Every structure is written in structure tokens, then in C-alpha cells.
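Structure record follows, encoded as C-alpha cells.
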Amino acid sequence: MNKKGFIFDLDGVIVDTAKYHFLAWQRLAKSLDIDFTEEENEQLKGVSREKSLEKILTWGNKTISETQFNELMVKKNDEYLSYIAEMDSDEVLPDVPRVLNTLIKKQQPVSLGSASKNARTILERVGLKKHFMAIVDGNDVSKAKPDPEVFLIAAEQLNVKPENCIVFEDSVAGVKAANSAKMISIGIGRKDVLGHAKYVFNDFTEISDDFLNKLINN
Ligand code: B16
Ligand code: MG
């Protein structure tokens, strides 16, 4: 049987935590008198906590001390943690369990490839941790997306060559990372934002078992 490596991003692909990141960043930015749009928020998706704060400060033309920077990162994460503490399996995005189960039934190696340092907590909360053969997250990488490191480590852990891996991503940075890892990138979201992905779907309800079979057998 053919074996491909299937790598899932977390925020915005498996669960809609992107909205919680947005809320927490927006609140923090407001406290600094910085406003940013939903369009600008696209640039924060898939990007590490540290890089996200750097971007927000640049948009607001603000310079702060290192101590303040670290305090703000903690503040943002505390608010984010308060949102995810309320999460349960209802927040898994439509058809994600079907796709995961189909791949597992077909004995395809499945990994997580997320920039989030909270990834394991979230997977546990929504009851999906056991589905993953490998979990690579923000604690395991030194270079954030769009660097391909997170996906290359996932491929290595699955013992599958990068060119035989398929990545599901909702972010501009993540699709770039998958492409530079020479993996097949599948954008989950808007075509006008994720046009650089090999395929784009609005969500997993549009991904048929037939399409998954083609990915496995190609
Ligand atoms: P944390 P993903 C990314 O997760 C998010 O898209 C991004 O908005 C966030 O800043 C980053 O994780 C770091 O998250 O603050 O929880 O460590 O989309 O790569 O699963
Ligand atoms: Mg994401």
C-alpha cells in the first residue's frame, strides 16, 4: 500500500482557534492604542507569538523594552488560554474527524505541524490527540513558518520523504513553508488569500474520500 505523510496545521485547520488569537491580539493591541484590520490579521496566522507581537508593534509604530515585550507576550497568552480552557470537541471544524479517520483506516501516517506552543493542550481538550502519530509544534522548532522546519521535522518523524507529504494549512506563511519543503500544499480557506497553494478548499466538507484516495495513490 502507498504511504504518504499527511501533515495538519492546527489553528484554523483542525479547530477555529484563529478567532481566539485574533480576539486576544486585538485586545492587547487596543491597550497599546494600536488598531489592526482583519486583513492585517491574515499576516499573523501561522506566525509565532513573538513574530506576531513584533508585527503589531511595527504596525503601531511602537518601540518597547524587552521586559515589556515579554510581559505582553504573557498577557496575550493568558487571555488566549482562558478561551481555550472552554473548548471541547464541538469546536473541531466540520469533517476533520472524517478525514482523519479515513486516512488512519487507510494506514496513512498523520502528523500535526503547528506553530503553536499550546497545540498539545488544544488537541487534548478537543479529544483528537490520539489520532496523531507525531506532533510537531512551536516547542519543537527554532525557525517559524514560513520556514519549512516544522513540516520537515514532521516528515522525518513520520519517516516519509518531504515530496511524499501533503500539508493542510490555513495561513499564507504555512502554505509558503509547505511549498518550500517541496510538499503538496492544500489551502483551507479563501482562494484569494491562499492562491499559492496547490489546491484550495473552503473547508474539509469539500474534500472527498475520492480526492484523498488520489492523493494517496499519486
Ligand atoms: P501560540 P498554527 C499558530 O498556529 C497560529 O496560527 C498563530 O496565529 C499563532 O500566533 C501561533 O500558532 C503561535 O501560537 O501563541 O499558541 O504559541 O496555525 O501554526 O497551528
Ligand atoms: Mg493555522
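Letters for chains follow the order of the C-alpha cells (A, B, ...), residue numbers begin at 1 for each chain, and ligand numbers begin at 1 in the order shown.
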
Within 10 Å of range 98-105 of chain A using only C-alpha atoms, minus same-chain residues under 3 positions, as a PyMOL selection string: chain A and resi 4-6+8+94-95+108-110+128+131-133+204-205+207-209+212-213+216

Can you tell me which residues sit at most 6 Å away from ligand 2, counting only C-alpha atoms and all ligand atoms, written as a short mmCIF file (atom, residue, chain, number, x, y, z; two decimals) with all heavy atoms, in the first residue's frame?
data_model
loop_
_atom_site.label_atom_id
_atom_site.label_comp_id
_atom_site.auth_asym_id
_atom_site.auth_seq_id
_atom_site.Cartn_x
_atom_site.Cartn_y
_atom_site.Cartn_z
N ASP A 9 -1.93 21.43 9.94
CA ASP A 9 -1.77 22.60 10.79
C ASP A 9 -2.90 22.52 11.83
O ASP A 9 -3.85 21.75 11.66
CB ASP A 9 -1.91 23.84 9.89
CG ASP A 9 -1.94 25.12 10.67
OD1 ASP A 9 -1.03 25.35 11.47
OD2 ASP A 9 -2.90 25.90 10.49
N LEU A 10 -2.79 23.29 12.90
CA LEU A 10 -3.84 23.19 13.93
C LEU A 10 -4.83 24.36 13.86
O LEU A 10 -5.99 24.20 13.46
CB LEU A 10 -3.19 23.14 15.32
CG LEU A 10 -4.17 23.10 16.49
CD1 LEU A 10 -4.92 21.78 16.55
CD2 LEU A 10 -3.43 23.34 17.81
N ASP A 11 -4.33 25.55 14.24
CA ASP A 11 -5.21 26.73 14.31
C ASP A 11 -5.76 27.08 12.93
O ASP A 11 -4.99 27.33 12.01
CB ASP A 11 -4.42 27.95 14.84
CG ASP A 11 -3.97 27.76 16.28
OD1 ASP A 11 -4.71 27.15 17.05
OD2 ASP A 11 -2.88 28.25 16.62
N GLY A 12 -7.06 27.06 12.79
CA GLY A 12 -7.68 27.43 11.52
C GLY A 12 -7.85 26.26 10.57
O GLY A 12 -8.44 26.40 9.50
N VAL A 13 -7.33 25.08 10.95
CA VAL A 13 -7.47 23.90 10.09
C VAL A 13 -8.26 22.82 10.83
O VAL A 13 -9.27 22.32 10.33
CB VAL A 13 -6.08 23.37 9.64
CG1 VAL A 13 -6.18 21.98 9.02
CG2 VAL A 13 -5.47 24.33 8.62
N LYS A 45 -1.51 34.86 11.02
CA LYS A 45 -1.84 33.43 11.05
C LYS A 45 -0.60 32.58 10.75
O LYS A 45 0.13 32.86 9.81
CB LYS A 45 -2.95 33.12 10.04
CG LYS A 45 -4.29 33.68 10.47
CD LYS A 45 -5.40 33.19 9.56
CE LYS A 45 -6.73 33.75 10.02
NZ LYS A 45 -7.78 33.51 9.02
N GLY A 46 -0.41 31.55 11.54
CA GLY A 46 0.72 30.63 11.33
C GLY A 46 2.05 31.19 11.82
O GLY A 46 3.06 30.51 11.82
N GLU A 169 -3.15 23.60 5.38
CA GLU A 169 -2.78 24.89 6.01
C GLU A 169 -3.82 25.97 5.74
O GLU A 169 -4.40 26.02 4.66
CB GLU A 169 -1.47 25.38 5.39
CG GLU A 169 -0.26 25.30 6.26
CD GLU A 169 -0.29 26.15 7.52
OE1 GLU A 169 -1.11 27.08 7.62
OE2 GLU A 169 0.52 25.88 8.41
N ASP A 170 -4.00 26.85 6.72
CA ASP A 170 -4.93 27.98 6.51
C ASP A 170 -4.19 29.31 6.37
O ASP A 170 -4.83 30.34 6.16
CB ASP A 170 -5.91 28.11 7.68
CG ASP A 170 -5.23 28.62 8.94
OD1 ASP A 170 -4.14 28.09 9.27
OD2 ASP A 170 -5.75 29.54 9.58
N SER A 171 -2.86 29.29 6.52
CA SER A 171 -2.17 30.58 6.55
C SER A 171 -1.25 30.77 5.35
O SER A 171 -0.74 29.81 4.77
CB SER A 171 -1.35 30.70 7.84
OG SER A 171 -0.23 29.86 7.79
#

Shell around Asn118 in chain A at 12 Å using only C-alpha atoms, local window under 4 positions removed, as a VMD selection string: chain A and resid 10 to 11 17 21 48 to 49 77 to 78 80 to 85 114 122 to 125 135 to 140

Helix (DSSP H, G or I) call set, DSSP backbone run, range 3-208 of chain A, as JSON, numbers by chain: {"A": [18, 19, 20, 21, 22, 23, 24, 25, 26, 27, 28, 29, 30, 31, 38, 39, 40, 41, 42, 43, 44, 49, 50, 51, 52, 53, 54, 55, 56, 57, 58, 59, 66, 67, 68, 69, 70, 71, 72, 73, 74, 75, 76, 77, 78, 79, 80, 81, 82, 83, 84, 89, 90, 91, 96, 97, 98, 99, 100, 101, 102, 103, 104, 105, 119, 120, 121, 122, 123, 124, 125, 129, 130, 131, 149, 150, 151, 152, 153, 154, 155, 156, 157, 158, 162, 163, 164, 172, 173, 174, 175, 176, 177, 178, 179, 180, 204, 205, 206]}

Any chance you could list, as a list in words, the residues in range 50-169 of chain A that come up strand (DSSP E or B) when DSSP is run on the backbone?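 The residues of range 50-169 of chain A classed as strand (DSSP E or B) are Val92, Val110, Ser111, Leu112, Gly113, Ala134, Ile135, Val136, Cys165, Ile166, Val167, Phe168 and Glu169 of chain A.
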
Quick one: residues within 12 Å of Asn41 in chain A, only C-alpha atoms, excluding same-chain residues fewer than 3 positions away - as an NGL selection string? :A and (18-26 or 29 or 35-38 or 44-47 or 52-53 or 55-56 or 59 or 171-172 or 193)

Take the residues that were just selected and, keeping N, CA, C and O atoms, output them as a short mmCIF file (atom, residue, chain, number, x, y, z; two decimals), in the first residue's frame.
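Resulting contents of result_21.cif:
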data_model
loop_
_atom_site.label_atom_id
_atom_site.label_comp_id
_atom_site.auth_asym_id
_atom_site.auth_seq_id
_atom_site.Cartn_x
_atom_site.Cartn_y
_atom_site.Cartn_z
N ALA A 18 -8.18 30.37 15.41
CA ALA A 18 -7.70 31.62 14.80
C ALA A 18 -8.51 32.80 15.34
O ALA A 18 -7.97 33.88 15.58
N LYS A 19 -9.80 32.56 15.59
CA LYS A 19 -10.65 33.65 16.09
C LYS A 19 -10.24 34.06 17.52
O LYS A 19 -10.31 35.22 17.89
N TYR A 20 -9.77 33.10 18.32
CA TYR A 20 -9.33 33.42 19.68
C TYR A 20 -8.00 34.18 19.68
O TYR A 20 -7.80 35.10 20.46
N HIS A 21 -7.09 33.76 18.76
CA HIS A 21 -5.83 34.50 18.62
C HIS A 21 -6.16 35.95 18.25
O HIS A 21 -5.61 36.89 18.82
N PHE A 22 -7.08 36.12 17.28
CA PHE A 22 -7.45 37.46 16.81
C PHE A 22 -8.00 38.31 17.96
O PHE A 22 -7.56 39.44 18.18
N LEU A 23 -8.93 37.73 18.72
CA LEU A 23 -9.53 38.45 19.85
C LEU A 23 -8.47 38.90 20.86
O LEU A 23 -8.45 40.05 21.30
N ALA A 24 -7.59 37.95 21.22
CA ALA A 24 -6.58 38.25 22.24
C ALA A 24 -5.58 39.29 21.74
O ALA A 24 -5.22 40.22 22.47
N TRP A 25 -5.15 39.17 20.46
CA TRP A 25 -4.20 40.15 19.92
C TRP A 25 -4.86 41.53 19.80
O TRP A 25 -4.25 42.55 20.09
N GLN A 26 -6.12 41.52 19.37
CA GLN A 26 -6.81 42.79 19.17
C GLN A 26 -6.93 43.55 20.49
O GLN A 26 -6.71 44.75 20.56
N ALA A 29 -3.56 44.86 21.47
CA ALA A 29 -3.19 45.99 20.61
C ALA A 29 -3.95 47.25 21.04
O ALA A 29 -3.36 48.33 21.14
N ASP A 35 -4.50 49.74 16.34
CA ASP A 35 -5.66 49.10 15.74
C ASP A 35 -5.17 48.31 14.52
O ASP A 35 -4.31 48.80 13.79
N PHE A 36 -5.66 47.09 14.33
CA PHE A 36 -5.31 46.42 13.08
C PHE A 36 -6.53 45.72 12.49
O PHE A 36 -7.44 45.34 13.21
N THR A 37 -6.51 45.59 11.17
CA THR A 37 -7.69 45.10 10.46
C THR A 37 -7.67 43.57 10.36
O THR A 37 -6.64 42.94 10.61
N GLU A 38 -8.79 43.01 9.90
CA GLU A 38 -8.84 41.56 9.69
C GLU A 38 -7.89 41.15 8.58
O GLU A 38 -7.35 40.04 8.59
N LEU A 44 -0.83 37.41 10.59
CA LEU A 44 -0.45 36.85 11.90
C LEU A 44 -0.69 35.35 11.95
O LEU A 44 -0.15 34.66 12.81
N LYS A 45 -1.51 34.86 11.02
CA LYS A 45 -1.84 33.43 11.05
C LYS A 45 -0.60 32.58 10.75
O LYS A 45 0.13 32.86 9.81
N GLY A 46 -0.41 31.55 11.54
CA GLY A 46 0.72 30.63 11.33
C GLY A 46 2.05 31.19 11.82
O GLY A 46 3.06 30.51 11.82
N VAL A 47 2.04 32.46 12.23
CA VAL A 47 3.26 33.14 12.64
C VAL A 47 3.42 32.98 14.16
O VAL A 47 2.43 33.00 14.90
N SER A 52 4.41 37.67 15.88
CA SER A 52 3.11 38.36 15.79
C SER A 52 3.17 39.68 16.54
O SER A 52 2.75 40.71 16.03
N LEU A 53 3.74 39.65 17.76
CA LEU A 53 3.82 40.89 18.55
C LEU A 53 4.73 41.90 17.86
O LEU A 53 4.42 43.09 17.81
N LYS A 55 5.16 42.26 14.69
CA LYS A 55 4.40 42.84 13.57
C LYS A 55 3.43 43.90 14.07
O LYS A 55 3.32 44.99 13.50
N ILE A 56 2.71 43.58 15.14
CA ILE A 56 1.71 44.52 15.67
C ILE A 56 2.38 45.82 16.11
O ILE A 56 1.89 46.92 15.84
N TRP A 59 3.21 47.82 13.06
CA TRP A 59 2.03 48.49 12.50
C TRP A 59 1.69 49.75 13.32
O TRP A 59 1.26 50.75 12.79
N SER A 171 -2.86 29.29 6.52
CA SER A 171 -2.17 30.58 6.55
C SER A 171 -1.25 30.77 5.35
O SER A 171 -0.74 29.81 4.77
N VAL A 172 -1.04 32.04 5.01
CA VAL A 172 -0.14 32.40 3.92
C VAL A 172 1.26 31.88 4.24
O VAL A 172 1.91 31.23 3.42
N VAL A 193 -6.71 34.50 -0.77
CA VAL A 193 -5.62 34.62 0.21
C VAL A 193 -4.59 33.51 0.00
O VAL A 193 -3.38 33.73 0.13
#

For each of A:His196, A:Val15, A:Ile184, A:Thr67, take the minimum atom-to-atom distance to Pro97 in chain A, counting only C-alpha atoms, then give the residue where this is smallest. A:Val15

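All residues of protein, DNA or RNA that reach within 12 Å of Gly127 in chain A, judged by only C-alpha atoms and not counting those fewer than 6 positions away in the chain, are Ile14, Val15, Met87, Asp88, Ser89, Asp90, Glu91, Val92, Pro97, Arg120 and Thr121 of chain A.
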
When distances are computed from only C-alpha atoms, which of A:Phe168, A:Asn218, A:Asp16, A:Glu206 shows the smallest separation from Leu93 in chain A?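 Ranked by minimum distance to Leu93 in chain A, first place goes to A:Asp16.
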
Distance of atom 5 (C, counted along the ligand's line) of ligand 1 from CA of Lys143 in chain A, expressed in Å to one decimal place: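 So the answer is 14.1 Å.
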
Restricting the calculation to only C-alpha atoms, which member of A:Leu72, A:Glu163, A:Gln43, A:Ile186 is positioned closest to Lys145 in chain A? A:Gln43

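When CA of Glu42 in chain A is paired with CA of Lys182 in chain A, their separation reads 22.9 Å.
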
Separation of CA of Asn70 in chain A from CA of Lys117 in chain A, in Å and rounded to one decimal: 15.3 Å

For Ala177 in chain A, work out the shell of residues within 8 Å, counting only C-alpha atoms and skipping chain neighbours fewer than 5 positions away, then give it as JSON, numbers by chain. {"A": [145, 146, 147, 148, 149, 151]}

Please list as a PyMOL selection string every residue within 10 Å of Gly195 in chain A, counting only C-alpha atoms and excluding residues in the same chain fewer than 5 positions away. chain A and resi 172+175+187+189-190+200
